[in-house]
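Novice: Next up is a structure, given as structure tokens.
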Amino acid sequence: MEAVKTFNLTKFYGFRVGVENLNLEVLSGETFGFLGPNGSGKTTTVRLLNCIIRPTSGGAKVGGYDILSESEVVKRITGLLPEVPGVYERLTAREFLEFMGSLYDVPSAVLKRRIAELLDFFELGDRADELLEGFSKGMKQKVLLASAFIHDPEIVFLDEPTSGLDPISSRMVKDLVKMLASETNKTFFICTHILPLAEELCERIAIIDRGRLKEVGSPDELKEKYGAKNLEEVFLQVTGRNVSRDMIEWV
């Protein structure tokens, strides 16, 4: 069964292409990487699939539900860490997670336990009752990651999940995804430009550039297809982003 299936999904911002004629399938329980240069359409796609913006044309189903006619159900079965997240800085970490859990009607006893477990996992248990305004960017990112999991969603969208995190915290995020992927049937849709992250975590990846889907396959399949040693070489070939001497002639 597909966790995500798009049908010529298209979004224009005036005359500018966000994403165009995207046809993509992500299988249930899969850890899927969505790669592309800045401005390629990754975040637009995630916003469409989470019913934050509406498509110009085409459509999609997430968890079997239509993003247009069943948007409320889609929002309940998905968790999202956006690319540019925000927190209510006058709340404590615990209060913020309580608020996020209440939006999804998580029972209070369950919510209390999950908050404690997630804060401990991200090594924030001793900061649980401090205001978020005093947290570093990396600490806020941890709280936001916790909020994406607070209602135990079927499908988790992570847009640049290690942004602002130090190497130890980045490792924690990778371990969390690996653990949940192996022990549950959760689907992970990970947008990133950090190619080693995608190569380590993702069973399949898609590469998007200038709003159009360019490639889909497992890292090994794509490396073989392009005769590449790693995913970075594949990415550069697919997107044509190799640096040439002409590009830096002024130096």
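In the structure tokens, each chain is lettered A, B, ... as it comes, each chain's residues begin at 1, and ligands are numbered from 1 in order of appearance.
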Which residues, written as a CSV table (one decimal) with N, CA, C and O atoms, in the first residue's frame, have at least one atom at most 10 Å from A:Leu111, with only C-alpha atoms counted and residues fewer than 5 positions away on the same chain left out?
Specialist:
chain,number,residue,atom,x,y,z
A,97,LEU,N,4.7,21.0,24.4
A,97,LEU,CA,4.4,19.7,24.0
A,97,LEU,C,3.0,19.3,24.5
A,97,LEU,O,2.3,18.6,23.8
A,98,GLU,N,2.6,19.8,25.6
A,98,GLU,CA,1.2,19.6,26.1
A,98,GLU,C,0.2,20.2,25.1
A,98,GLU,O,-0.8,19.6,24.8
A,100,MET,N,0.7,21.0,21.9
A,100,MET,CA,0.7,20.2,20.6
A,100,MET,C,0.0,18.9,20.7
A,100,MET,O,-0.8,18.6,19.9
A,101,GLY,N,0.1,18.2,21.9
A,101,GLY,CA,-0.6,17.0,22.1
A,101,GLY,C,-2.1,17.2,22.2
A,101,GLY,O,-2.9,16.4,21.7
A,102,SER,N,-2.5,18.3,22.8
A,102,SER,CA,-3.9,18.6,22.9
A,102,SER,C,-4.6,18.9,21.6
A,102,SER,O,-5.8,18.6,21.4
A,105,ASP,N,-5.8,15.7,20.4
A,105,ASP,CA,-6.6,14.9,21.4
A,105,ASP,C,-5.9,13.7,22.0
A,105,ASP,O,-6.6,12.7,22.2
A,106,VAL,N,-4.6,13.8,22.2
A,106,VAL,CA,-3.9,12.7,22.9
A,106,VAL,C,-4.4,12.7,24.4
A,106,VAL,O,-4.4,13.7,25.0
A,116,ALA,N,7.4,13.0,28.8
A,116,ALA,CA,8.6,12.6,29.6
A,116,ALA,C,9.6,11.8,28.8
A,116,ALA,O,10.8,12.0,28.9
A,117,GLU,N,9.1,10.8,28.1
A,117,GLU,CA,10.0,9.9,27.3
A,117,GLU,C,10.7,10.7,26.2
A,117,GLU,O,11.9,10.5,26.0
A,150,ILE,N,4.5,13.5,18.9
A,150,ILE,CA,3.7,13.5,20.1
A,150,ILE,C,2.4,12.7,20.0
A,150,ILE,O,1.9,12.1,20.9
A,151,HIS,N,1.8,12.7,18.8
A,151,HIS,CA,0.5,12.0,18.6
A,151,HIS,C,0.7,10.7,17.9
A,151,HIS,O,-0.3,10.1,17.4
Novice: Please identify which residues in stretch 7-112 of chain A DSSP calls helix (DSSP H, G or I) from the backbone, and express them as a PyMOL selection string.
Specialist: chain A and resi 42-49+71-77+93-103+108-112
Novice: Using only C-alpha atoms, determine which residues lie at most 12 Å from A:Ser69, disregarding the query and same-chain residues fewer than 4 positions distant; provide the list as a PyMOL selection string.
Specialist: chain A and resi 51+54+59-62+64-65+73-74
Novice: I need the residue nearest A:Gly41 from this list: A:Ile208, A:Val173, A:Cys191, A:Val238. Use only C-alpha atoms for the distance.
Specialist: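 Of A:Ile208, A:Val173, A:Cys191, A:Val238, the one nearest A:Gly41 is A:Ile208, counting only C-alpha atoms.
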Novice: Sorted by chain and rising residue number, which residues of stretch 114-161 of chain A lie within 12 Å of stretch 75-82 of chain A, and what are their closest atom pairs and distances in Å to one decimal, counting only C-alpha atoms, as CSV?
Specialist:
residue,atom,partner,partner_atom,distance
A:Lys140,CA,A:Leu81,CA,11.6
A:Gln141,CA,A:Leu81,CA,8.8
A:Lys142,CA,A:Leu81,CA,10.2
A:Val143,CA,A:Leu81,CA,10.2
A:Leu144,CA,A:Leu81,CA,6.6
A:Leu145,CA,A:Leu81,CA,6.2
A:Ala146,CA,A:Leu81,CA,9.2
A:Ser147,CA,A:Gly79,CA,8.1
A:Ala148,CA,A:Gly79,CA,4.7
A:Phe149,CA,A:Gly79,CA,6.2
A:Ile150,CA,A:Gly79,CA,8.3
A:His151,CA,A:Gly79,CA,7.8
A:Asp152,CA,A:Gly79,CA,8.0
A:Pro153,CA,A:Ile77,CA,5.0
A:Glu154,CA,A:Ile77,CA,5.4
A:Ile155,CA,A:Thr78,CA,4.8
A:Val156,CA,A:Gly79,CA,4.6
A:Phe157,CA,A:Leu80,CA,4.8
A:Leu158,CA,A:Leu81,CA,4.9
A:Asp159,CA,A:Pro82,CA,5.3
A:Glu160,CA,A:Pro82,CA,7.8
A:Pro161,CA,A:Leu81,CA,7.0
Novice: Give me, as a ChimeraX atom specification, the residues of stretch 45-148 of chain A that a backbone DSSP run labels strand (DSSP E).
Specialist: /A:57-62,65-66,78-81
Novice: For the residues in the current selection, export all heavy atoms as a PDB file, in the first residue's frame.
Specialist:
ATOM      1  N   SER A  57      -3.034  22.430  -9.509  1.00  0.00           N
ATOM      2  CA  SER A  57      -3.732  21.362 -10.228  1.00  0.00           C
ATOM      3  C   SER A  57      -3.176  20.030  -9.752  1.00  0.00           C
ATOM      4  O   SER A  57      -2.183  19.967  -9.028  1.00  0.00           O
ATOM      5  CB  SER A  57      -3.558  21.512 -11.747  1.00  0.00           C
ATOM      6  OG  SER A  57      -2.185  21.397 -12.110  1.00  0.00           O
ATOM      7  N   GLY A  58      -3.808  18.948 -10.178  1.00  0.00           N
ATOM      8  CA  GLY A  58      -3.390  17.626  -9.734  1.00  0.00           C
ATOM      9  C   GLY A  58      -3.838  17.370  -8.315  1.00  0.00           C
ATOM     10  O   GLY A  58      -4.621  18.132  -7.727  1.00  0.00           O
ATOM     11  N   GLY A  59      -3.352  16.276  -7.751  1.00  0.00           N
ATOM     12  CA  GLY A  59      -3.757  15.928  -6.398  1.00  0.00           C
ATOM     13  C   GLY A  59      -2.838  14.898  -5.793  1.00  0.00           C
ATOM     14  O   GLY A  59      -1.809  14.532  -6.355  1.00  0.00           O
ATOM     15  N   ALA A  60      -3.238  14.406  -4.625  1.00  0.00           N
ATOM     16  CA  ALA A  60      -2.424  13.409  -3.923  1.00  0.00           C
ATOM     17  C   ALA A  60      -3.275  12.733  -2.865  1.00  0.00           C
ATOM     18  O   ALA A  60      -4.282  13.285  -2.389  1.00  0.00           O
ATOM     19  CB  ALA A  60      -1.213  14.071  -3.278  1.00  0.00           C
ATOM     20  N   LYS A  61      -2.843  11.535  -2.482  1.00  0.00           N
ATOM     21  CA  LYS A  61      -3.418  10.838  -1.342  1.00  0.00           C
ATOM     22  C   LYS A  61      -2.301  10.545  -0.355  1.00  0.00           C
ATOM     23  O   LYS A  61      -1.205  10.131  -0.741  1.00  0.00           O
ATOM     24  CB  LYS A  61      -4.102   9.537  -1.776  1.00  0.00           C
ATOM     25  CG  LYS A  61      -5.399   9.781  -2.535  1.00  0.00           C
ATOM     26  CD  LYS A  61      -6.195   8.500  -2.718  1.00  0.00           C
ATOM     27  CE  LYS A  61      -7.550   8.809  -3.351  1.00  0.00           C
ATOM     28  NZ  LYS A  61      -8.382   7.577  -3.476  1.00  0.00           N
ATOM     29  N   VAL A  62      -2.599  10.782   0.920  1.00  0.00           N
ATOM     30  CA  VAL A  62      -1.649  10.526   1.998  1.00  0.00           C
ATOM     31  C   VAL A  62      -2.330   9.589   2.983  1.00  0.00           C
ATOM     32  O   VAL A  62      -3.399   9.909   3.514  1.00  0.00           O
ATOM     33  CB  VAL A  62      -1.234  11.836   2.697  1.00  0.00           C
ATOM     34  CG1 VAL A  62      -0.306  11.544   3.870  1.00  0.00           C
ATOM     35  CG2 VAL A  62      -0.556  12.779   1.705  1.00  0.00           C
ATOM     36  N   TYR A  65      -5.866   8.959   2.049  1.00  0.00           N
ATOM     37  CA  TYR A  65      -6.847  10.042   2.152  1.00  0.00           C
ATOM     38  C   TYR A  65      -6.485  11.180   1.200  1.00  0.00           C
ATOM     39  O   TYR A  65      -5.315  11.529   1.042  1.00  0.00           O
ATOM     40  CB  TYR A  65      -6.915  10.568   3.581  1.00  0.00           C
ATOM     41  CG  TYR A  65      -7.349   9.528   4.581  1.00  0.00           C
ATOM     42  CD1 TYR A  65      -6.406   8.868   5.378  1.00  0.00           C
ATOM     43  CD2 TYR A  65      -8.686   9.167   4.722  1.00  0.00           C
ATOM     44  CE1 TYR A  65      -6.796   7.897   6.296  1.00  0.00           C
ATOM     45  CE2 TYR A  65      -9.086   8.197   5.630  1.00  0.00           C
ATOM     46  CZ  TYR A  65      -8.133   7.567   6.412  1.00  0.00           C
ATOM     47  OH  TYR A  65      -8.519   6.595   7.308  1.00  0.00           O
ATOM     48  N   ASP A  66      -7.507  11.764   0.606  1.00  0.00           N
ATOM     49  CA  ASP A  66      -7.319  12.822  -0.371  1.00  0.00           C
ATOM     50  C   ASP A  66      -6.941  14.137   0.318  1.00  0.00           C
ATOM     51  O   ASP A  66      -7.579  14.539   1.292  1.00  0.00           O
ATOM     52  CB  ASP A  66      -8.605  13.012  -1.175  1.00  0.00           C
ATOM     53  CG  ASP A  66      -8.421  13.972  -2.326  1.00  0.00           C
ATOM     54  OD1 ASP A  66      -8.593  15.183  -2.113  1.00  0.00           O
ATOM     55  OD2 ASP A  66      -8.080  13.502  -3.431  1.00  0.00           O
ATOM     56  N   THR A  78      -0.519  12.460  10.167  1.00  0.00           N
ATOM     57  CA  THR A  78       0.840  12.866   9.803  1.00  0.00           C
ATOM     58  C   THR A  78       1.481  13.687  10.916  1.00  0.00           C
ATOM     59  O   THR A  78       0.802  14.370  11.679  1.00  0.00           O
ATOM     60  CB  THR A  78       0.845  13.703   8.504  1.00  0.00           C
ATOM     61  OG1 THR A  78       0.039  14.864   8.688  1.00  0.00           O
ATOM     62  CG2 THR A  78       0.336  12.891   7.327  1.00  0.00           C
ATOM     63  N   GLY A  79       2.796  13.604  10.985  1.00  0.00           N
ATOM     64  CA  GLY A  79       3.588  14.468  11.843  1.00  0.00           C
ATOM     65  C   GLY A  79       4.524  15.265  10.964  1.00  0.00           C
ATOM     66  O   GLY A  79       5.021  14.744   9.958  1.00  0.00           O
ATOM     67  N   LEU A  80       4.765  16.510  11.320  1.00  0.00           N
ATOM     68  CA  LEU A  80       5.563  17.379  10.456  1.00  0.00           C
ATOM     69  C   LEU A  80       6.570  18.186  11.258  1.00  0.00           C
ATOM     70  O   LEU A  80       6.219  18.858  12.229  1.00  0.00           O
ATOM     71  CB  LEU A  80       4.635  18.339   9.694  1.00  0.00           C
ATOM     72  CG  LEU A  80       5.315  19.488   8.924  1.00  0.00           C
ATOM     73  CD1 LEU A  80       6.208  18.946   7.806  1.00  0.00           C
ATOM     74  CD2 LEU A  80       4.271  20.449   8.373  1.00  0.00           C
ATOM     75  N   LEU A  81       7.819  18.102  10.830  1.00  0.00           N
ATOM     76  CA  LEU A  81       8.844  19.047  11.264  1.00  0.00           C
ATOM     77  C   LEU A  81       9.118  19.944  10.063  1.00  0.00           C
ATOM     78  O   LEU A  81       9.736  19.510   9.095  1.00  0.00           O
ATOM     79  CB  LEU A  81      10.125  18.339  11.688  1.00  0.00           C
ATOM     80  CG  LEU A  81      11.283  19.289  12.021  1.00  0.00           C
ATOM     81  CD1 LEU A  81      11.027  20.004  13.338  1.00  0.00           C
ATOM     82  CD2 LEU A  81      12.608  18.552  12.065  1.00  0.00           C
TER      83      LEU A  81
END
Novice: With only C-alpha atoms counted and 10 Å as the cut-off, give the residues of stretch 133-201 of chain A in contact with stretch 17-36 of chain A, each with its shortest interatomic distance in Å and the pair that gives it, as a Markdown table.
Specialist:
| residue | atom | partner | partner_atom | distance |
| --- | --- | --- | --- | --- |
| A:Glu154 | CA | A:Gly29 | CA | 8.6 |
| A:Ile155 | CA | A:Ser28 | CA | 8.3 |
| A:Val156 | CA | A:Thr31 | CA | 9.5 |
| A:Phe157 | CA | A:Phe32 | CA | 9.7 |
| A:Leu158 | CA | A:Gly33 | CA | 9.7 |
| A:Asp159 | CA | A:Phe34 | CA | 9.2 |
| A:Val177 | CA | A:Thr31 | CA | 8.5 |
| A:Lys178 | CA | A:Thr31 | CA | 8.9 |
| A:Leu180 | CA | A:Gly29 | CA | 9.8 |
| A:Ala181 | CA | A:Gly29 | CA | 7.0 |
| A:Ser182 | CA | A:Gly29 | CA | 9.0 |
| A:Thr184 | CA | A:Gly29 | CA | 7.8 |
| A:Asn185 | CA | A:Gly29 | CA | 4.6 |
| A:Lys186 | CA | A:Gly29 | CA | 5.0 |
| A:Thr187 | CA | A:Gly29 | CA | 4.3 |
| A:Phe188 | CA | A:Thr31 | CA | 4.6 |
| A:Phe189 | CA | A:Phe32 | CA | 5.0 |
| A:Ile190 | CA | A:Gly33 | CA | 4.8 |
| A:Cys191 | CA | A:Phe34 | CA | 4.7 |
| A:Thr192 | CA | A:Leu35 | CA | 5.6 |
| A:His193 | CA | A:Leu35 | CA | 5.9 |
| A:Ile194 | CA | A:Leu35 | CA | 8.5 |
| A:Leu195 | CA | A:Leu35 | CA | 7.9 |
| A:Leu197 | CA | A:Gly33 | CA | 9.1 |
| A:Ala198 | CA | A:Gly33 | CA | 5.8 |
| A:Glu199 | CA | A:Gly33 | CA | 8.5 |
| A:Leu201 | CA | A:Thr31 | CA | 6.9 |
Novice: Include N, CA, C and O atoms and write out the residues we just selected as an mmCIF file, in the first residue's frame.
Specialist:
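To be explicit, this is the file written out as part.cif:
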data_model
loop_
_atom_site.group_PDB
_atom_site.id
_atom_site.type_symbol
_atom_site.label_atom_id
_atom_site.label_comp_id
_atom_site.auth_asym_id
_atom_site.auth_seq_id
_atom_site.Cartn_x
_atom_site.Cartn_y
_atom_site.Cartn_z
ATOM 1 N N GLU A 154 1.210 8.071 11.755
ATOM 2 C CA GLU A 154 1.561 6.976 10.843
ATOM 3 C C GLU A 154 2.678 7.397 9.888
ATOM 4 O O GLU A 154 3.534 6.592 9.521
ATOM 5 N N ILE A 155 2.608 8.646 9.449
ATOM 6 C CA ILE A 155 3.531 9.146 8.431
ATOM 7 C C ILE A 155 4.195 10.410 8.991
ATOM 8 O O ILE A 155 3.509 11.331 9.447
ATOM 9 N N VAL A 156 5.526 10.426 8.965
ATOM 10 C CA VAL A 156 6.275 11.540 9.543
ATOM 11 C C VAL A 156 7.064 12.241 8.445
ATOM 12 O O VAL A 156 7.869 11.612 7.749
ATOM 13 N N PHE A 157 6.812 13.535 8.304
ATOM 14 C CA PHE A 157 7.540 14.359 7.334
ATOM 15 C C PHE A 157 8.585 15.171 8.089
ATOM 16 O O PHE A 157 8.242 15.948 8.995
ATOM 17 N N LEU A 158 9.833 14.989 7.722
ATOM 18 C CA LEU A 158 10.931 15.703 8.363
ATOM 19 C C LEU A 158 11.651 16.537 7.304
ATOM 20 O O LEU A 158 12.287 16.000 6.401
ATOM 21 N N ASP A 159 11.521 17.849 7.409
ATOM 22 C CA ASP A 159 12.136 18.760 6.445
ATOM 23 C C ASP A 159 13.412 19.322 7.074
ATOM 24 O O ASP A 159 13.357 20.153 7.965
ATOM 25 N N VAL A 177 15.082 7.745 14.063
ATOM 26 C CA VAL A 177 14.431 7.336 12.817
ATOM 27 C C VAL A 177 14.676 5.852 12.550
ATOM 28 O O VAL A 177 13.758 5.107 12.201
ATOM 29 N N LYS A 178 15.922 5.417 12.726
ATOM 30 C CA LYS A 178 16.242 4.005 12.505
ATOM 31 C C LYS A 178 15.445 3.100 13.434
ATOM 32 O O LYS A 178 14.900 2.067 13.015
ATOM 33 N N LEU A 180 12.559 3.706 15.064
ATOM 34 C CA LEU A 180 11.139 3.702 14.760
ATOM 35 C C LEU A 180 10.847 2.990 13.443
ATOM 36 O O LEU A 180 9.828 2.311 13.307
ATOM 37 N N ALA A 181 11.740 3.136 12.475
ATOM 38 C CA ALA A 181 11.544 2.465 11.193
ATOM 39 C C ALA A 181 11.624 0.946 11.334
ATOM 40 O O ALA A 181 10.899 0.208 10.672
ATOM 41 N N SER A 182 12.515 0.475 12.218
ATOM 42 C CA SER A 182 12.693 -0.968 12.370
ATOM 43 C C SER A 182 11.653 -1.596 13.295
ATOM 44 O O SER A 182 11.276 -2.752 13.127
ATOM 45 N N THR A 184 8.509 -0.162 14.156
ATOM 46 C CA THR A 184 7.120 0.197 13.883
ATOM 47 C C THR A 184 6.908 0.179 12.375
ATOM 48 O O THR A 184 7.830 -0.062 11.606
ATOM 49 N N ASN A 185 5.685 0.461 11.976
ATOM 50 C CA ASN A 185 5.389 0.521 10.540
ATOM 51 C C ASN A 185 5.269 1.970 10.072
ATOM 52 O O ASN A 185 4.581 2.266 9.105
ATOM 53 N N LYS A 186 5.942 2.881 10.779
ATOM 54 C CA LYS A 186 5.860 4.287 10.398
ATOM 55 C C LYS A 186 6.566 4.535 9.069
ATOM 56 O O LYS A 186 7.573 3.916 8.754
ATOM 57 N N THR A 187 5.997 5.461 8.329
ATOM 58 C CA THR A 187 6.603 5.913 7.080
ATOM 59 C C THR A 187 7.304 7.239 7.346
ATOM 60 O O THR A 187 6.731 8.133 7.973
ATOM 61 N N PHE A 188 8.540 7.346 6.871
ATOM 62 C CA PHE A 188 9.301 8.592 7.024
ATOM 63 C C PHE A 188 9.563 9.186 5.643
ATOM 64 O O PHE A 188 10.058 8.513 4.753
ATOM 65 N N PHE A 189 9.221 10.464 5.516
ATOM 66 C CA PHE A 189 9.469 11.219 4.293
ATOM 67 C C PHE A 189 10.442 12.327 4.686
ATOM 68 O O PHE A 189 10.062 13.285 5.358
ATOM 69 N N ILE A 190 11.699 12.163 4.296
ATOM 70 C CA ILE A 190 12.764 13.037 4.790
ATOM 71 C C ILE A 190 13.291 13.923 3.662
ATOM 72 O O ILE A 190 13.857 13.432 2.686
ATOM 73 N N CYS A 191 13.096 15.226 3.810
ATOM 74 C CA CYS A 191 13.682 16.192 2.877
ATOM 75 C C CYS A 191 15.022 16.638 3.432
ATOM 76 O O CYS A 191 15.105 17.040 4.598
ATOM 77 N N THR A 192 16.029 16.575 2.612
ATOM 78 C CA THR A 192 17.349 16.999 3.083
ATOM 79 C C THR A 192 18.262 17.317 1.905
ATOM 80 O O THR A 192 18.047 16.837 0.789
ATOM 81 N N HIS A 193 19.232 18.154 2.162
ATOM 82 C CA HIS A 193 20.316 18.346 1.198
ATOM 83 C C HIS A 193 21.604 17.741 1.750
ATOM 84 O O HIS A 193 22.660 17.872 1.136
ATOM 85 N N ILE A 194 21.506 17.077 2.913
ATOM 86 C CA ILE A 194 22.670 16.410 3.500
ATOM 87 C C ILE A 194 22.684 14.976 2.972
ATOM 88 O O ILE A 194 21.969 14.093 3.466
ATOM 89 N N LEU A 195 23.462 14.747 1.960
ATOM 90 C CA LEU A 195 23.399 13.488 1.220
ATOM 91 C C LEU A 195 23.829 12.274 2.038
ATOM 92 O O LEU A 195 23.225 11.204 1.914
ATOM 93 N N LEU A 197 23.253 11.733 5.096
ATOM 94 C CA LEU A 197 22.082 11.426 5.920
ATOM 95 C C LEU A 197 21.094 10.579 5.127
ATOM 96 O O LEU A 197 20.602 9.554 5.609
ATOM 97 N N ALA A 198 20.814 10.996 3.907
ATOM 98 C CA ALA A 198 19.878 10.248 3.057
ATOM 99 C C ALA A 198 20.421 8.865 2.722
ATOM 100 O O ALA A 198 19.686 7.871 2.743
ATOM 101 N N GLU A 199 21.711 8.796 2.437
ATOM 102 C CA GLU A 199 22.308 7.513 2.065
ATOM 103 C C GLU A 199 22.279 6.534 3.232
ATOM 104 O O GLU A 199 22.100 5.330 3.046
ATOM 105 N N LEU A 201 20.059 6.584 5.875
ATOM 106 C CA LEU A 201 18.741 6.288 6.419
ATOM 107 C C LEU A 201 17.734 5.734 5.417
ATOM 108 O O LEU A 201 16.848 4.961 5.789
#
Novice: Rounded to one decimal place, report the atom CA of A:Leu132-atom CA of A:Glu89 distance in Å.
Specialist: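 Calculated distance between atom CA of A:Leu132 and atom CA of A:Glu89 is 4.6 Å.
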Novice: Find the residue from A:Phe96, A:Phe235, A:Phe7, A:Phe12 that sits nearest to A:Glu130; use only C-alpha atoms when measuring.
Specialist: A:Phe96
Novice: Identify which of the residues A:Gly86, A:Pro37, A:Pro107, A:Gly14 lies closest to A:Glu232, counting only C-alpha atoms when measuring atom-to-atom distances.
Specialist: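 Comparing A:Gly86, A:Pro37, A:Pro107, A:Gly14 against A:Glu232, the winner is A:Pro37.
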